[in-house]
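**Student:** Below is the structure I would like to discuss, written out as structure tokens.
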Amino acid sequence: MRAQQRAARTTLQQQRSIETRRALMQAGERLWRERAFDDVSVGDVCAEAGVSKGLFYFYFPRKEFLLVILVFARLFPSDESIHRLIDQGLTTHEICHKIALSLARRARRMPKHLVGRAIEAGFTIYKELRAEQGGDKGWTPPLVKVFERGKERGEIAPEWNSDVMAHAMSWSFVYSVLSWANGTEVPGLTLERTLAMQASLVAKGGSQPFGEPQAPSKS
């Protein structure tokens, strides 16, 4: 009986922790949609969420962490959605194309100033965030699975490193979304087309055997 009670208390605590974290993220999003990042304090977020500052700092070392985790979670498709794409039997190129378009749609649902500030903050706290989360919890791990599956299907040449491919695509996505958010995107290209082109470059490029750069011949 006592073991069951302890298990029930643990489950309840975990659920409350999830709810508190979610409340802080939702509060931050509501406030930052209306006001600039610097105009919203930790106290404002806590008041909006109905939690204490002590609880805020239990989950987030600084408000930049909340912003980055919030925006990146909103931008990139979840593991579950990527697994659903894999289960549909799509090719590696088709999956990457759909991820690119989904990312563009998600970005457009958020205020540009919020997206841009989150990505810039992400560059600043990247190492801290990895340490806080115990490794890379961002965009690359789901993409690694896509490229590993592509190798199994013979759509990606075996000599390509899936981690390198995943980082190449995710970081090119980050740069393009940041350029879009800051109004410095390539003239004449929509965000959707830009991301789709980058996805195709990586996915189709990986279908070809990897060749080491050749030294220039001496004449």
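Starting from 1 in every chain, residues are counted up; chains themselves are A, B, ... following the order of the structure tokens, and ligands are numbered from 1 as listed.
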For A:Asp163, work out the shell of residues within 9 Å, counting only C-alpha atoms and skipping chain neighbours fewer than 2 positions away, then give it as a PyMOL selection string.
**Tutor:** chain A and resi 140-141+143-144+147+160-161+165-168
**Student:** I'd like the neighbourhood of A:Leu85 as a list in words, where a residue qualifies if any of its atoms comes within 10 Å (using only C-alpha atoms), though same-chain residues fewer than 4 positions away should be ignored.
**Tutor:** Asp79, Glu80, Ser81, Gly89, Leu90, Thr91, Thr92, Glu94, Ile95, Cys96, Lys98, Ile99 and Val146 of chain A
**Student:** Fewer than 5 positions away in the same chain doesn't count, so skip those; otherwise give me all residues within 9 Å of A:Leu201, counting only C-alpha atoms, as number ranges by chain.
**Tutor:** A: 169, 196, 206
**Student:** Would you output that residue set with C-alpha atoms, as a PDB file, in the first residue's frame?
**Tutor:**
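The result, stored in selection.pdb:
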```
ATOM      1  CA  MET A 169      20.040  20.729 -43.020  1.00  0.00           C
ATOM      2  CA  ALA A 196      12.591  23.336 -49.720  1.00  0.00           C
ATOM      3  CA  GLY A 206      23.236  12.482 -50.095  1.00  0.00           C
TER       4      GLY A 206
END
```
**Student:** If we count only C-alpha atoms, what is near A:Gly28 at a cut-off of 8 Å, once residues fewer than 4 positions away on the same chain are taken out, given as a PDB file with N, CA, C and O atoms, in the first residue's frame?
**Tutor:**
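Result file is part.pdb:
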```
ATOM      1  N   LEU A  24       4.187  28.282 -17.719  1.00  0.00           N
ATOM      2  CA  LEU A  24       5.201  29.321 -17.919  1.00  0.00           C
ATOM      3  C   LEU A  24       5.442  29.575 -19.403  1.00  0.00           C
ATOM      4  O   LEU A  24       5.580  30.723 -19.830  1.00  0.00           O
ATOM      5  N   TRP A  32       4.921  37.783 -25.026  1.00  0.00           N
ATOM      6  CA  TRP A  32       5.878  38.155 -26.080  1.00  0.00           C
ATOM      7  C   TRP A  32       5.220  38.343 -27.437  1.00  0.00           C
ATOM      8  O   TRP A  32       5.802  38.941 -28.332  1.00  0.00           O
ATOM      9  N   VAL A  45       6.129  37.234 -16.435  1.00  0.00           N
ATOM     10  CA  VAL A  45       5.793  35.866 -16.864  1.00  0.00           C
ATOM     11  C   VAL A  45       5.196  35.076 -15.712  1.00  0.00           C
ATOM     12  O   VAL A  45       4.191  34.375 -15.872  1.00  0.00           O
ATOM     13  N   LEU A  66      13.727  30.145 -21.580  1.00  0.00           N
ATOM     14  CA  LEU A  66      12.304  29.950 -21.835  1.00  0.00           C
ATOM     15  C   LEU A  66      11.963  30.335 -23.269  1.00  0.00           C
ATOM     16  O   LEU A  66      11.252  29.600 -23.967  1.00  0.00           O
ATOM     17  N   LEU A  67      12.471  31.466 -23.730  1.00  0.00           N
ATOM     18  CA  LEU A  67      12.177  31.925 -25.085  1.00  0.00           C
ATOM     19  C   LEU A  67      12.668  30.933 -26.127  1.00  0.00           C
ATOM     20  O   LEU A  67      11.926  30.563 -27.049  1.00  0.00           O
TER      21      LEU A  67
END
```
**Student:** Residues of chain A in alpha helix (DSSP H) according to DSSP, as a PyMOL selection string?
**Tutor:** chain A and resi 2-34+42-49+53-59+63-75+79-87+92-108+112-124+126-133+140-152+162-181+191-206
